[in-house]
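The next block is run11.pdb, given as PDB, C-alpha atoms and all ligand atoms.
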ATOM      1  CA  GLN A   1     -25.219-159.030 185.721  1.00  0.00           C
ATOM      2  CA  THR A   2     -21.744-160.508 185.900  1.00  0.00           C
ATOM      3  CA  GLU A   3     -18.914-158.817 184.110  1.00  0.00           C
ATOM      4  CA  ILE A   4     -16.087-160.956 182.935  1.00  0.00           C
ATOM      5  CA  ASP A   5     -12.747-159.258 182.457  1.00  0.00           C
ATOM      6  CA  ALA A   6     -11.146-161.011 179.512  1.00  0.00           C
ATOM      7  CA  ASN A   7      -7.778-159.685 180.614  1.00  0.00           C
ATOM      8  CA  ALA A   8      -7.942-161.065 184.148  1.00  0.00           C
ATOM      9  CA  VAL A   9      -5.057-163.211 185.292  1.00  0.00           C
ATOM     10  CA  GLU A  10      -6.721-166.408 186.462  1.00  0.00           C
ATOM     11  CA  THR A  11      -4.891-167.192 189.626  1.00  0.00           C
ATOM     12  CA  THR A  12      -5.391-166.969 193.373  1.00  0.00           C
ATOM     13  CA  PRO A  13      -2.999-165.475 195.952  1.00  0.00           C
ATOM     14  CA  ASP A  14      -1.976-168.908 197.268  1.00  0.00           C
ATOM     15  CA  LYS A  15      -0.628-169.712 193.804  1.00  0.00           C
ATOM     16  CA  ILE A  16       1.474-166.557 193.498  1.00  0.00           C
ATOM     17  CA  LEU A  17       5.162-166.474 194.390  1.00  0.00           C
ATOM     18  CA  ILE A  18       7.198-163.275 194.476  1.00  0.00           C
ATOM     19  CA  VAL A  19      10.872-164.189 194.464  1.00  0.00           C
ATOM     20  CA  TYR A  20      13.461-161.443 194.493  1.00  0.00           C
ATOM     21  CA  LEU A  21      17.124-160.640 194.872  1.00  0.00           C
ATOM     22  CA  THR A  22      18.097-157.480 196.660  1.00  0.00           C
ATOM     23  CA  ARG A  23      21.184-155.888 198.182  1.00  0.00           C
ATOM     24  CA  THR A  24      20.202-152.354 199.143  1.00  0.00           C
ATOM     25  CA  LYS A  25      16.460-153.203 199.472  1.00  0.00           C
ATOM     26  CA  ASN A  26      15.045-151.252 196.527  1.00  0.00           C
ATOM     27  CA  THR A  27      13.900-154.367 194.684  1.00  0.00           C
ATOM     28  CA  LYS A  28      12.541-155.706 197.990  1.00  0.00           C
ATOM     29  CA  ALA A  29      10.418-152.552 198.347  1.00  0.00           C
ATOM     30  CA  VAL A  30       8.908-153.149 194.889  1.00  0.00           C
ATOM     31  CA  ALA A  31       8.305-156.814 195.781  1.00  0.00           C
ATOM     32  CA  LYS A  32       6.315-155.717 198.840  1.00  0.00           C
ATOM     33  CA  MET A  33       4.240-153.325 196.732  1.00  0.00           C
ATOM     34  CA  ILE A  34       3.391-156.223 194.412  1.00  0.00           C
ATOM     35  CA  GLU A  35       2.463-158.360 197.421  1.00  0.00           C
ATOM     36  CA  ALA A  36       0.233-155.574 198.739  1.00  0.00           C
ATOM     37  CA  LYS A  37      -1.758-155.619 195.493  1.00  0.00           C
ATOM     38  CA  VAL A  38      -1.879-159.323 194.519  1.00  0.00           C
ATOM     39  CA  GLY A  39      -0.999-161.217 197.698  1.00  0.00           C
ATOM     40  CA  GLY A  40       1.224-164.244 197.369  1.00  0.00           C
ATOM     41  CA  THR A  41       4.336-165.499 199.082  1.00  0.00           C
ATOM     42  CA  LEU A  42       7.474-163.360 199.282  1.00  0.00           C
ATOM     43  CA  VAL A  43      10.844-165.102 199.055  1.00  0.00           C
ATOM     44  CA  SER A  44      14.225-163.396 199.156  1.00  0.00           C
ATOM     45  CA  LEU A  45      17.054-165.234 197.400  1.00  0.00           C
ATOM     46  CA  GLU A  46      19.985-165.839 199.735  1.00  0.00           C
ATOM     47  CA  LEU A  47      23.339-167.241 198.711  1.00  0.00           C
ATOM     48  CA  GLU A  48      25.251-170.061 200.348  1.00  0.00           C
ATOM     49  CA  THR A  49      28.218-167.685 200.402  1.00  0.00           C
ATOM     50  CA  PRO A  50      27.032-164.069 200.683  1.00  0.00           C
ATOM     51  CA  TYR A  51      28.531-161.419 198.414  1.00  0.00           C
ATOM     52  CA  PRO A  52      31.053-158.977 199.900  1.00  0.00           C
ATOM     53  CA  GLU A  53      29.654-155.868 201.584  1.00  0.00           C
ATOM     54  CA  ASP A  54      32.167-153.720 199.750  1.00  0.00           C
ATOM     55  CA  TYR A  55      30.770-152.272 196.513  1.00  0.00           C
ATOM     56  CA  GLU A  56      33.958-152.516 194.430  1.00  0.00           C
ATOM     57  CA  ALA A  57      34.427-156.101 195.599  1.00  0.00           C
ATOM     58  CA  ILE A  58      30.925-157.203 194.616  1.00  0.00           C
ATOM     59  CA  VAL A  59      31.184-155.446 191.253  1.00  0.00           C
ATOM     60  CA  ALA A  60      34.448-157.282 190.554  1.00  0.00           C
ATOM     61  CA  GLN A  61      33.047-160.644 191.646  1.00  0.00           C
ATOM     62  CA  VAL A  62      29.852-160.267 189.602  1.00  0.00           C
ATOM     63  CA  ALA A  63      31.899-159.244 186.539  1.00  0.00           C
ATOM     64  CA  VAL A  64      33.854-162.498 186.767  1.00  0.00           C
ATOM     65  CA  GLU A  65      30.699-164.555 187.340  1.00  0.00           C
ATOM     66  CA  ASN A  66      28.978-162.912 184.377  1.00  0.00           C
ATOM     67  CA  GLU A  67      31.992-163.495 182.171  1.00  0.00           C
ATOM     68  CA  THR A  68      32.463-167.135 183.142  1.00  0.00           C
ATOM     69  CA  GLY A  69      28.787-168.050 183.459  1.00  0.00           C
ATOM     70  CA  THR A  70      29.249-168.964 187.110  1.00  0.00           C
ATOM     71  CA  LEU A  71      26.026-169.849 188.917  1.00  0.00           C
ATOM     72  CA  PRO A  72      26.560-169.140 192.636  1.00  0.00           C
ATOM     73  CA  PRO A  73      24.857-171.763 194.865  1.00  0.00           C
ATOM     74  CA  LEU A  74      21.712-170.605 196.660  1.00  0.00           C
ATOM     75  CA  LYS A  75      20.827-171.235 200.279  1.00  0.00           C
ATOM     76  CA  THR A  76      17.189-170.524 199.398  1.00  0.00           C
ATOM     77  CA  LYS A  77      15.259-173.546 198.154  1.00  0.00           C
ATOM     78  CA  VAL A  78      11.630-173.176 197.081  1.00  0.00           C
ATOM     79  CA  ASP A  79       9.156-175.879 196.122  1.00  0.00           C
ATOM     80  CA  LEU A  80       7.510-174.305 193.092  1.00  0.00           C
ATOM     81  CA  SER A  81       4.929-177.016 192.511  1.00  0.00           C
ATOM     82  CA  ARG A  82       2.019-175.162 194.143  1.00  0.00           C
ATOM     83  CA  TYR A  83       2.687-171.872 192.359  1.00  0.00           C
ATOM     84  CA  GLU A  84       1.378-170.954 188.931  1.00  0.00           C
ATOM     85  CA  THR A  85       2.350-167.281 188.773  1.00  0.00           C
ATOM     86  CA  ILE A  86       5.902-166.306 189.642  1.00  0.00           C
ATOM     87  CA  PHE A  87       7.126-162.732 189.877  1.00  0.00           C
ATOM     88  CA  VAL A  88      10.916-162.568 189.619  1.00  0.00           C
ATOM     89  CA  GLY A  89      12.576-159.370 190.845  1.00  0.00           C
ATOM     90  CA  PHE A  90      16.196-158.306 190.650  1.00  0.00           C
ATOM     91  CA  PRO A  91      18.518-155.319 190.253  1.00  0.00           C
ATOM     92  CA  THR A  92      20.515-154.905 187.052  1.00  0.00           C
ATOM     93  CA  TRP A  93      24.077-156.062 187.727  1.00  0.00           C
ATOM     94  CA  GLY A  94      26.684-155.373 185.078  1.00  0.00           C
ATOM     95  CA  MET A  95      23.822-154.749 182.610  1.00  0.00           C
ATOM     96  CA  GLN A  96      22.752-158.360 183.068  1.00  0.00           C
ATOM     97  CA  LEU A  97      20.465-160.592 185.095  1.00  0.00           C
ATOM     98  CA  PRO A  98      22.320-161.081 188.411  1.00  0.00           C
ATOM     99  CA  PRO A  99      24.035-164.477 188.695  1.00  0.00           C
ATOM    100  CA  PRO A 100      21.918-165.645 191.694  1.00  0.00           C
ATOM    101  CA  MET A 101      18.732-165.185 189.665  1.00  0.00           C
ATOM    102  CA  LYS A 102      20.343-167.131 186.821  1.00  0.00           C
ATOM    103  CA  THR A 103      20.977-169.898 189.365  1.00  0.00           C
ATOM    104  CA  PHE A 104      17.359-169.785 190.535  1.00  0.00           C
ATOM    105  CA  LEU A 105      15.906-169.977 187.027  1.00  0.00           C
ATOM    106  CA  ASN A 106      18.380-172.709 186.089  1.00  0.00           C
ATOM    107  CA  GLU A 107      17.727-174.999 189.022  1.00  0.00           C
ATOM    108  CA  ASN A 108      13.944-174.660 189.065  1.00  0.00           C
ATOM    109  CA  ASP A 109      11.424-175.833 186.502  1.00  0.00           C
ATOM    110  CA  LEU A 110       9.094-172.957 185.647  1.00  0.00           C
ATOM    111  CA  SER A 111       7.641-174.568 182.529  1.00  0.00           C
ATOM    112  CA  GLY A 112       3.913-174.064 182.128  1.00  0.00           C
ATOM    113  CA  LYS A 113       3.910-171.265 184.692  1.00  0.00           C
ATOM    114  CA  THR A 114       3.399-167.527 184.210  1.00  0.00           C
ATOM    115  CA  VAL A 115       6.560-165.524 184.836  1.00  0.00           C
ATOM    116  CA  ILE A 116       6.561-161.757 185.407  1.00  0.00           C
ATOM    117  CA  PRO A 117       9.902-159.923 185.762  1.00  0.00           C
ATOM    118  CA  PHE A 118      10.505-156.700 187.689  1.00  0.00           C
ATOM    119  CA  ASN A 119      13.661-154.703 188.162  1.00  0.00           C
ATOM    120  CA  THR A 120      15.386-151.744 189.738  1.00  0.00           C
ATOM    121  CA  ASN A 121      18.587-150.221 188.387  1.00  0.00           C
ATOM    122  CA  ALA A 122      20.799-147.180 188.707  1.00  0.00           C
ATOM    123  CA  GLY A 123      19.345-145.584 185.587  1.00  0.00           C
ATOM    124  CA  TYR A 124      21.178-147.521 182.890  1.00  0.00           C
ATOM    125  CA  GLY A 125      18.144-149.744 182.450  1.00  0.00           C
ATOM    126  CA  ILE A 126      17.374-153.458 182.434  1.00  0.00           C
ATOM    127  CA  GLY A 127      20.247-154.353 180.099  1.00  0.00           C
ATOM    128  CA  SER A 128      19.812-157.939 178.891  1.00  0.00           C
ATOM    129  CA  SER A 129      18.121-159.096 182.108  1.00  0.00           C
ATOM    130  CA  PHE A 130      14.530-159.460 180.838  1.00  0.00           C
ATOM    131  CA  GLU A 131      15.795-161.230 177.689  1.00  0.00           C
ATOM    132  CA  THR A 132      17.728-163.671 179.845  1.00  0.00           C
ATOM    133  CA  VAL A 133      14.622-164.366 181.936  1.00  0.00           C
ATOM    134  CA  ALA A 134      12.766-165.174 178.708  1.00  0.00           C
ATOM    135  CA  GLU A 135      15.616-167.442 177.554  1.00  0.00           C
ATOM    136  CA  LEU A 136      15.802-169.306 180.852  1.00  0.00           C
ATOM    137  CA  CYS A 137      11.998-169.646 181.005  1.00  0.00           C
ATOM    138  CA  SER A 138      11.390-170.667 177.398  1.00  0.00           C
ATOM    139  CA  GLU A 139       8.490-172.954 178.361  1.00  0.00           C
ATOM    140  CA  SER A 140       6.771-170.303 180.505  1.00  0.00           C
ATOM    141  CA  THR A 141       4.308-167.579 179.635  1.00  0.00           C
ATOM    142  CA  ILE A 142       6.181-164.319 180.175  1.00  0.00           C
ATOM    143  CA  LEU A 143       4.102-161.228 180.887  1.00  0.00           C
ATOM    144  CA  GLU A 144       5.199-157.599 180.533  1.00  0.00           C
ATOM    145  CA  GLY A 145       7.713-156.614 183.174  1.00  0.00           C
ATOM    146  CA  TYR A 146       8.191-153.474 185.242  1.00  0.00           C
ATOM    147  CA  SER A 147      11.361-151.523 185.851  1.00  0.00           C
ATOM    148  CA  THR A 148      12.202-148.359 187.742  1.00  0.00           C
ATOM    149  CA  ARG A 149      15.247-146.447 188.817  1.00  0.00           C
ATOM    150  CA  GLY A 150      16.525-147.554 192.202  1.00  0.00           C
ATOM    151  CA  GLY A 151      19.754-146.714 193.971  1.00  0.00           C
ATOM    152  CA  ILE A 152      23.083-145.599 192.562  1.00  0.00           C
ATOM    153  CA  GLU A 153      25.390-147.394 194.952  1.00  0.00           C
ATOM    154  CA  ARG A 154      28.436-146.239 192.989  1.00  0.00           C
ATOM    155  CA  ASN A 155      27.557-142.696 194.100  1.00  0.00           C
ATOM    156  CA  GLY A 156      26.601-143.693 197.630  1.00  0.00           C
ATOM    157  CA  VAL A 157      22.856-143.626 196.871  1.00  0.00           C
ATOM    158  CA  LEU A 158      21.436-146.777 198.485  1.00  0.00           C
ATOM    159  CA  PHE A 159      17.736-147.024 199.389  1.00  0.00           C
ATOM    160  CA  VAL A 160      15.480-144.606 197.501  1.00  0.00           C
ATOM    161  CA  MET A 161      11.976-146.098 197.859  1.00  0.00           C
ATOM    162  CA  GLU A 162      10.653-143.496 200.276  1.00  0.00           C
ATOM    163  CA  GLY A 163       8.862-140.151 200.137  1.00  0.00           C
ATOM    164  CA  GLU A 164       7.769-139.028 196.669  1.00  0.00           C
ATOM    165  CA  LYS A 165       9.623-141.827 194.935  1.00  0.00           C
ATOM    166  CA  GLU A 166       7.734-144.432 196.945  1.00  0.00           C
ATOM    167  CA  VAL A 167       4.406-142.808 196.088  1.00  0.00           C
ATOM    168  CA  GLU A 168       5.310-142.693 192.389  1.00  0.00           C
ATOM    169  CA  VAL A 169       6.484-146.309 192.239  1.00  0.00           C
ATOM    170  CA  LYS A 170       3.426-147.541 194.154  1.00  0.00           C
ATOM    171  CA  LYS A 171       1.184-145.922 191.571  1.00  0.00           C
ATOM    172  CA  GLU A 172       3.198-147.314 188.640  1.00  0.00           C
ATOM    173  CA  VAL A 173       3.188-150.797 190.149  1.00  0.00           C
ATOM    174  CA  HIS A 174      -0.547-150.581 190.755  1.00  0.00           C
ATOM    175  CA  ASP A 175      -1.210-149.493 187.153  1.00  0.00           C
ATOM    176  CA  TRP A 176       1.136-152.135 185.705  1.00  0.00           C
ATOM    177  CA  LEU A 177      -0.544-154.939 187.661  1.00  0.00           C
ATOM    178  CA  THR A 178      -4.018-153.669 186.794  1.00  0.00           C
ATOM    179  CA  ASN A 179      -2.984-153.661 183.140  1.00  0.00           C
ATOM    180  CA  LEU A 180      -1.847-157.269 183.435  1.00  0.00           C
ATOM    181  CA  GLY A 181      -5.288-158.164 184.748  1.00  0.00           C
ATOM    182  CA  PHE A 182      -4.633-158.443 188.478  1.00  0.00           C
TER
HETATM  183  C1  LIG A 201      27.332-155.384 191.513  1.00  0.00           C
HETATM  184  C2  LIG A 201      26.409-154.298 191.027  1.00  0.00           C
HETATM  185  C3  LIG A 201      26.331-154.029 189.672  1.00  0.00           C
HETATM  186  C4  LIG A 201      25.450-153.060 189.197  1.00  0.00           C
HETATM  187  N1  LIG A 201      25.359-152.851 187.839  1.00  0.00           N
HETATM  188  C5  LIG A 201      24.452-151.971 187.379  1.00  0.00           C
HETATM  189  C6  LIG A 201      24.274-151.789 185.974  1.00  0.00           C
HETATM  190  O1  LIG A 201      24.929-152.431 185.142  1.00  0.00           O
HETATM  191  N2  LIG A 201      23.355-150.890 185.558  1.00  0.00           N
HETATM  192  C7  LIG A 201      22.581-150.164 186.430  1.00  0.00           C
HETATM  193  O2  LIG A 201      21.764-149.381 185.993  1.00  0.00           O
HETATM  194  N3  LIG A 201      22.729-150.314 187.770  1.00  0.00           N
HETATM  195  C8  LIG A 201      23.630-151.195 188.264  1.00  0.00           C
HETATM  196  N4  LIG A 201      23.757-151.373 189.617  1.00  0.00           N
HETATM  197  C9  LIG A 201      22.892-150.595 190.523  1.00  0.00           C
HETATM  198  C10 LIG A 201      21.656-151.383 190.981  1.00  0.00           C
HETATM  199  O3  LIG A 201      21.006-152.000 189.907  1.00  0.00           O
HETATM  200  C11 LIG A 201      20.649-150.461 191.660  1.00  0.00           C
HETATM  201  O4  LIG A 201      21.278-149.773 192.705  1.00  0.00           O
HETATM  202  C12 LIG A 201      19.443-151.234 192.205  1.00  0.00           C
HETATM  203  O5  LIG A 201      18.382-150.354 192.538  1.00  0.00           O
HETATM  204  C13 LIG A 201      19.821-152.053 193.426  1.00  0.00           C
HETATM  205  O6  LIG A 201      18.715-152.833 193.829  1.00  0.00           O
HETATM  206  P1  LIG A 201      18.618-153.363 195.335  1.00  0.00           P
HETATM  207  O7  LIG A 201      18.485-152.142 196.225  1.00  0.00           O
HETATM  208  O8  LIG A 201      17.366-154.189 195.337  1.00  0.00           O
HETATM  209  O9  LIG A 201      19.830-154.148 195.642  1.00  0.00           O
HETATM  210  C14 LIG A 201      24.648-152.320 190.110  1.00  0.00           C
HETATM  211  C15 LIG A 201      24.771-152.572 191.480  1.00  0.00           C
HETATM  212  C16 LIG A 201      25.629-153.554 191.950  1.00  0.00           C
HETATM  213  C17 LIG A 201      25.725-153.820 193.417  1.00  0.00           C
END
So, in terms of structure tokens, how does the structure I just supplied come out?
Ligand SMILES: Cc1cc2nc3c(=O)[nH]c(=O)nc-3n(C[C@H](O)[C@H](O)[C@H](O)COP(=O)(O)O)c2cc1C
Amino acid sequence: QTEIDANAVETTPDKILIVYLTRTKNTKAVAKMIEAKVGGTLVSLELETPYPEDYEAIVAQVAVENETGTLPPLKTKVDLSRYETIFVGFPTWGMQLPPPMKTFLNENDLSGKTVIPFNTNAGYGIGSSFETVAELCSESTILEGYSTRGGIERNGVLFVMEGEKEVEVKKEVHDWLTNLGF
């Protein structure tokens, strides 16, 4: 007897892309947990001109970009044609979707594809980032996203996805993806 899971996401690993932005590697760690469960191709977004290493400097630059709607040019180019399910991962920056992810969603056509956001943040939450993903992917099917607390760079807390936290996030990611039908 064959059981058919009505909730199953109908895709295969070769059609899954996991694209993420990361600075202190927390979002990257979540991306790798997703890959471990669903497979797919991992792509890290890199800028033509990297952000400053200095925290205050990047905060100031991102604030200006957010305010002016600047879309920083990406070095990373991806041919999306073969992918039907695209996970998009990013930290919260200035309570918004980080400018490089705005660039990515602006310069690529994700219409007709399934888009699934995920996020790490310092504890202030996703801000408007998931809403902006939905706005920039208005012709896509958006599934429920996942968010967890990551680093607090302002306080010198950088990478946190280890030890108990890693175990906890792995379980949450597993349950979230199972819920989505993966
Ligand atoms: C420029 C900048 C702005 C940030 N703004 C916020 C924010 O508005 N709210 C928040 O909760 N965390 C904020 N953070 C903290 C990051 O979202 C958090 O440390 C996240 O886990 C970093 O992910 P990453 O390790 O993948 O780079 C900010 C960090 C940076 C560098």
Sorted by chain and rising residue number, which residues of chain A lie within 9 Å of ligand LIG 201 (chain A), and what are their closest atom pairs and distances in Å to one decimal, counting all atoms listed in the file, as a tab-separated table?
residue	atom	partner	partner_atom	distance
A:Tyr20	CA	A:LIG201	O8	8.3
A:Leu21	CA	A:LIG201	O8	6.5
A:Thr22	CA	A:LIG201	O8	3.6
A:Arg23	CA	A:LIG201	O9	3.4
A:Thr24	CA	A:LIG201	O7	3.4
A:Lys25	CA	A:LIG201	O7	4.0
A:Asn26	CA	A:LIG201	O7	3.6
A:Thr27	CA	A:LIG201	O8	3.5
A:Lys28	CA	A:LIG201	O8	5.7
A:Ala29	CA	A:LIG201	O8	7.7
A:Val30	CA	A:LIG201	O8	8.5
A:Tyr55	CA	A:LIG201	C17	6.1
A:Glu56	CA	A:LIG201	C1	7.8
A:Ala57	CA	A:LIG201	C1	8.2
A:Ile58	CA	A:LIG201	C1	5.1
A:Val59	CA	A:LIG201	C1	3.9
A:Ala60	CA	A:LIG201	C1	7.4
A:Gln61	CA	A:LIG201	C1	7.8
A:Val62	CA	A:LIG201	C1	5.8
A:Ala63	CA	A:LIG201	C1	7.8
A:Gly89	CA	A:LIG201	O8	8.4
A:Phe90	CA	A:LIG201	O8	6.3
A:Pro91	CA	A:LIG201	O3	4.2
A:Thr92	CA	A:LIG201	O3	4.1
A:Trp93	CA	A:LIG201	N1	3.5
A:Gly94	CA	A:LIG201	O1	3.4
A:Met95	CA	A:LIG201	O1	3.6
A:Gln96	CA	A:LIG201	O1	6.6
A:Pro98	CA	A:LIG201	C1	8.2
A:Asn119	CA	A:LIG201	O5	7.8
A:Thr120	CA	A:LIG201	O5	4.3
A:Asn121	CA	A:LIG201	O3	3.4
A:Ala122	CA	A:LIG201	O2	3.6
A:Gly123	CA	A:LIG201	O2	4.5
A:Tyr124	CA	A:LIG201	O2	3.7
A:Gly125	CA	A:LIG201	O2	5.1
A:Ile126	CA	A:LIG201	O2	7.0
A:Gly127	CA	A:LIG201	O1	7.1
A:Thr148	CA	A:LIG201	O5	8.1
A:Arg149	CA	A:LIG201	O5	6.2
A:Gly150	CA	A:LIG201	O5	3.4
A:Gly151	CA	A:LIG201	O4	3.6
A:Ile152	CA	A:LIG201	O4	4.5
A:Glu153	CA	A:LIG201	O4	5.3
A:Arg154	CA	A:LIG201	C9	7.5
A:Val157	CA	A:LIG201	O4	7.6
A:Leu158	CA	A:LIG201	O4	6.5
A:Phe159	CA	A:LIG201	O7	6.1
A:Val160	CA	A:LIG201	O5	8.1
Mind giving me the straight-line distance from CA of Lys102 (chain A) to CA of Ile18 (chain A) in Å, one decimal? 15.7 Å
Exactly which residues make up the result of the PyMOL selection byres (((chain A and resi 83) around 12) and not hetatm) on this file, given as a tab-separated table (two decimals) with C-alpha atoms, keeping the file's coordinate frame?
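File written: part.tsv
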chain	number	residue	atom	x	y	z
A	11	THR	CA	-4.89	-167.19	189.63
A	12	THR	CA	-5.39	-166.97	193.37
A	13	PRO	CA	-3.00	-165.48	195.95
A	14	ASP	CA	-1.98	-168.91	197.27
A	15	LYS	CA	-0.63	-169.71	193.80
A	16	ILE	CA	1.47	-166.56	193.50
A	17	LEU	CA	5.16	-166.47	194.39
A	18	ILE	CA	7.20	-163.28	194.48
A	19	VAL	CA	10.87	-164.19	194.46
A	40	GLY	CA	1.22	-164.24	197.37
A	41	THR	CA	4.34	-165.50	199.08
A	42	LEU	CA	7.47	-163.36	199.28
A	78	VAL	CA	11.63	-173.18	197.08
A	79	ASP	CA	9.16	-175.88	196.12
A	80	LEU	CA	7.51	-174.30	193.09
A	81	SER	CA	4.93	-177.02	192.51
A	82	ARG	CA	2.02	-175.16	194.14
A	84	GLU	CA	1.38	-170.95	188.93
A	85	THR	CA	2.35	-167.28	188.77
A	86	ILE	CA	5.90	-166.31	189.64
A	87	PHE	CA	7.13	-162.73	189.88
A	109	ASP	CA	11.42	-175.83	186.50
A	110	LEU	CA	9.09	-172.96	185.65
A	111	SER	CA	7.64	-174.57	182.53
A	112	GLY	CA	3.91	-174.06	182.13
A	113	LYS	CA	3.91	-171.26	184.69
A	114	THR	CA	3.40	-167.53	184.21
A	115	VAL	CA	6.56	-165.52	184.84
Using the chain letters and numbers from this file, what does the PyMOL selection byres (((chain A and resi 70) around 12) and not hetatm) select? Give the answer as a VMD selection string. chain A and resid 61 to 69 71 to 73 98 to 103 106
Report the distance between CA of Glu144 (chain A) and CA of Val88 (chain A) in Å, rounded to one decimal place.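 Distance between the two atoms: 11.8 Å.
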Do you know which residues the PyMOL selection byres (((chain A and resi 44-47) around 6) and not hetatm) returns on this file, as a VMD selection string? chain A and resid 19 to 21 43 48 to 50 74 to 76
Expressed in Å, the length from CA of Leu105 (chain A) to CA of Gly181 (chain A) is 24.4 Å
Closest of A:Val167, A:Leu180, A:Ile116, A:Val173 to Ser140 (chain A), counting only C-alpha atoms, is A:Ile116
Close residues, Phe118 (chain A) itself excluded, 6 Å, all atoms listed in the file, min 4 positions apart in chain, as a list in words: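 Using all atoms listed in the file, the neighbours found are Gly89, Gly145, Tyr146 and Ser147 of chain A.
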Out of A:Glu139, A:Phe130, A:His174, A:Asn179, which residue has the shortest atom-to-atom distance to Val38 (chain A) when counting all atoms listed in the file?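 Between A:Glu139, A:Phe130, A:His174, A:Asn179, the residue approaching Val38 (chain A) most closely is A:His174.
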